[in-house]
>>> print(open('data00.cif').read())   # mmCIF, C-alpha atoms
data_run
#
loop_
_atom_site.group_PDB
_atom_site.id
_atom_site.type_symbol
_atom_site.label_atom_id
_atom_site.label_comp_id
_atom_site.auth_asym_id
_atom_site.auth_seq_id
_atom_site.Cartn_x
_atom_site.Cartn_y
_atom_site.Cartn_z
ATOM 1 C CA ASN B 1 35.548 146.822 64.367
ATOM 2 C CA ALA B 2 34.524 145.673 67.851
ATOM 3 C CA ASN B 3 34.005 142.078 66.653
ATOM 4 C CA LYS B 4 37.732 141.725 65.902
ATOM 5 C CA ILE B 5 38.956 142.748 69.362
ATOM 6 C CA LEU B 6 40.537 139.919 71.342
ATOM 7 C CA ARG B 7 39.480 139.960 74.960
ATOM 8 C CA THR B 8 40.941 137.789 77.680
ATOM 9 C CA ALA B 9 39.794 137.678 81.282
ATOM 10 C CA ILE B 10 41.836 136.311 84.160
ATOM 11 C CA SER B 11 40.433 136.028 87.653
ATOM 12 C CA LEU B 12 42.934 135.929 90.495
ATOM 13 C CA LYS B 13 42.183 134.733 93.998
ATOM 14 C CA PRO B 14 44.153 135.469 97.184
ATOM 15 C CA ASP B 15 45.421 131.852 97.101
ATOM 16 C CA ASP B 16 47.253 132.682 93.832
ATOM 17 C CA PHE B 17 49.653 134.941 95.758
ATOM 18 C CA ILE B 18 52.303 134.462 98.416
ATOM 19 C CA GLU B 19 51.231 137.698 100.060
ATOM 20 C CA TYR B 20 48.001 139.537 99.347
ATOM 21 C CA GLU B 21 46.832 142.887 100.692
ATOM 22 C CA VAL B 22 43.863 144.765 99.284
ATOM 23 C CA GLU B 23 42.644 148.055 100.660
ATOM 24 C CA ASN B 24 39.738 148.596 98.251
ATOM 25 C CA ASN B 25 36.833 146.460 97.118
ATOM 26 C CA PRO B 26 37.483 143.911 94.369
ATOM 27 C CA MET B 27 37.997 145.600 91.018
ATOM 28 C CA ASP B 28 38.520 144.954 87.347
ATOM 29 C CA LEU B 29 41.852 146.074 85.877
ATOM 30 C CA THR B 30 42.363 146.230 82.131
ATOM 31 C CA PHE B 31 45.956 146.115 80.890
ATOM 32 C CA CYS B 32 47.942 144.683 78.002
ATOM 33 C CA THR B 33 48.425 140.922 78.258
ATOM 34 C CA LYS B 34 51.332 140.795 75.790
ATOM 35 C CA GLU B 35 53.663 142.820 78.023
ATOM 36 C CA THR B 36 52.344 141.115 81.157
ATOM 37 C CA LYS B 37 53.100 137.659 79.724
ATOM 38 C CA ALA B 38 56.616 138.804 78.801
ATOM 39 C CA ILE B 39 57.253 140.047 82.351
ATOM 40 C CA LEU B 40 55.854 136.879 83.946
ATOM 41 C CA ASN B 41 57.772 134.596 81.573
ATOM 42 C CA PHE B 42 60.963 136.474 82.431
ATOM 43 C CA CYS B 43 60.274 136.031 86.159
ATOM 44 C CA GLU B 44 59.582 132.347 85.690
ATOM 45 C CA SER B 45 62.720 131.757 83.619
ATOM 46 C CA THR B 46 64.898 133.473 86.237
ATOM 47 C CA GLY B 47 63.087 131.847 89.161
ATOM 48 C CA GLN B 48 62.279 135.207 90.719
ATOM 49 C CA GLN B 49 59.124 136.353 92.451
ATOM 50 C CA VAL B 50 57.323 139.411 91.203
ATOM 51 C CA ASN B 51 55.470 141.941 93.337
ATOM 52 C CA LEU B 52 52.492 143.764 91.857
ATOM 53 C CA TYR B 53 51.328 147.129 93.105
ATOM 54 C CA PHE B 54 48.151 148.755 91.860
ATOM 55 C CA ASP B 55 45.540 151.183 93.080
ATOM 56 C CA LYS B 56 42.558 151.435 90.758
ATOM 57 C CA PRO B 57 41.642 151.345 87.074
ATOM 58 C CA GLY B 58 43.305 154.163 85.163
ATOM 59 C CA LYS B 59 46.330 154.192 87.477
ATOM 60 C CA PRO B 60 49.501 152.300 86.497
ATOM 61 C CA ILE B 61 50.260 148.770 87.657
ATOM 62 C CA LEU B 62 53.834 148.258 88.871
ATOM 63 C CA PHE B 63 55.666 144.930 88.553
ATOM 64 C CA VAL B 64 58.760 144.816 90.817
ATOM 65 C CA LEU B 65 61.399 142.084 90.536
ATOM 66 C CA ASP B 66 64.253 141.761 93.013
ATOM 67 C CA PHE B 67 67.174 139.692 91.713
ATOM 68 C CA PHE B 68 68.969 138.179 94.698
ATOM 69 C CA ASN B 69 68.993 141.568 96.469
ATOM 70 C CA VAL B 70 71.463 142.849 93.843
ATOM 71 C CA ILE B 71 69.314 144.243 91.031
ATOM 72 C CA GLU B 72 65.763 145.555 91.147
ATOM 73 C CA ALA B 73 63.698 145.804 87.966
ATOM 74 C CA ASN B 74 60.519 147.886 87.803
ATOM 75 C CA PHE B 75 58.033 147.512 84.971
ATOM 76 C CA VAL B 76 55.157 149.978 84.773
ATOM 77 C CA LEU B 77 52.094 149.248 82.650
ATOM 78 C CA ALA B 78 49.120 151.489 82.021
ATOM 79 C CA THR B 79 45.636 150.358 82.981
ATOM 80 C CA LEU B 80 42.474 151.489 81.276
ATOM 81 C CA VAL B 81 39.535 153.212 82.871
ATOM 82 C CA ASP B 82 36.171 151.634 82.209
ATOM 83 C CA THR B 83 34.052 154.442 80.768
ATOM 84 C CA GLN B 84 31.145 153.456 83.010
ATOM 85 C CA ASP B 85 33.369 153.687 86.115
ATOM 86 C CA ALA B 86 34.712 157.057 84.966
ATOM 87 C CA ASP B 87 31.166 158.398 84.553
ATOM 88 C CA ASP B 88 30.242 157.229 88.079
ATOM 89 C CA SER B 89 33.142 159.045 89.803
#
>>> encode(input="data00.cif", output="structure tokens")
Amino acid sequence: NANKILRTAISLKPDDFIEYEVENNPMDLTFCTKETKAILNFCESTGQQVNLYFDKPGKPILFVLDFFNVIEANFVLATLVDTQDADDS
């Protein structure tokens, strides 16, 4: 039932990042917030920065954490393709 789906939208601006580089036009990425919150909470609790790498909807988003140049953790999450965008390409 579509009425029971929880939807959350977060808009990020370049000012929200330490470093920001975008090669494509602004886009909408759809990915699971539960896992994203867990990753970000972990980064916050350890005081570590996280780098995000993404290309376009339907391609994975990569979260990279570097712990004091000793350990690197990579978390890969799937993103969804908007059916309208998929029909246009």
>>> residues_around(input="data00.cif", residues="Ile18 (chain B)", least_positions_apart="2", cutoff="12 Å", atoms="only C-alpha atoms", output="NGL selection string")
:B and (13-16 or 20-21 or 49-52)
>>> axis_aligned_box(input="data00.cif", around="region 35-43 of chain B", padding_each_side="4 Å", output="JSON")
{"center_x": 56.7, "center_y": 138.7, "center_z": 82.1, "size_x": 16.6, "size_y": 16.2, "size_z": 16.1}
>>> residues_around(input="data00.cif", residues="Glu72 (chain B)", least_positions_apart="4", cutoff="12 Å", atoms="all atoms listed in the file", output="PyMOL selection string")
chain B and resi 48-51+63-68
>>> resolve_selection(input="data00.cif", expression="the PyMOL selection byres ((chain B and resi 77) around 10)", output="list in words")
Phe31, Cys32, Glu35, Thr36, Lys59, Pro60, Ile61, Leu62, Phe63, Asn74, Phe75, Val76, Ala78, Thr79 and Leu80 of chain B
>>> atom_distance(input="data00.cif", atom1="CA of Thr46 (chain B)", atom2="CA of Asp28 (chain B)")
28.8 Å
>>> atom_distance(input="data00.cif", atom1="CA of Ile5 (chain B)", atom2="CA of Lys37 (chain B)")
18.3 Å
>>> residues_near_point(input="data00.cif", point="(41.3, 137.6, 79.5)", cutoff="10 Å", atoms="all atoms listed in the file", output="count of residues only")
10
>>> atom_distance(input="data00.cif", atom1="CA of Phe54 (chain B)", atom2="CA of Phe42 (chain B)")
20.1 Å
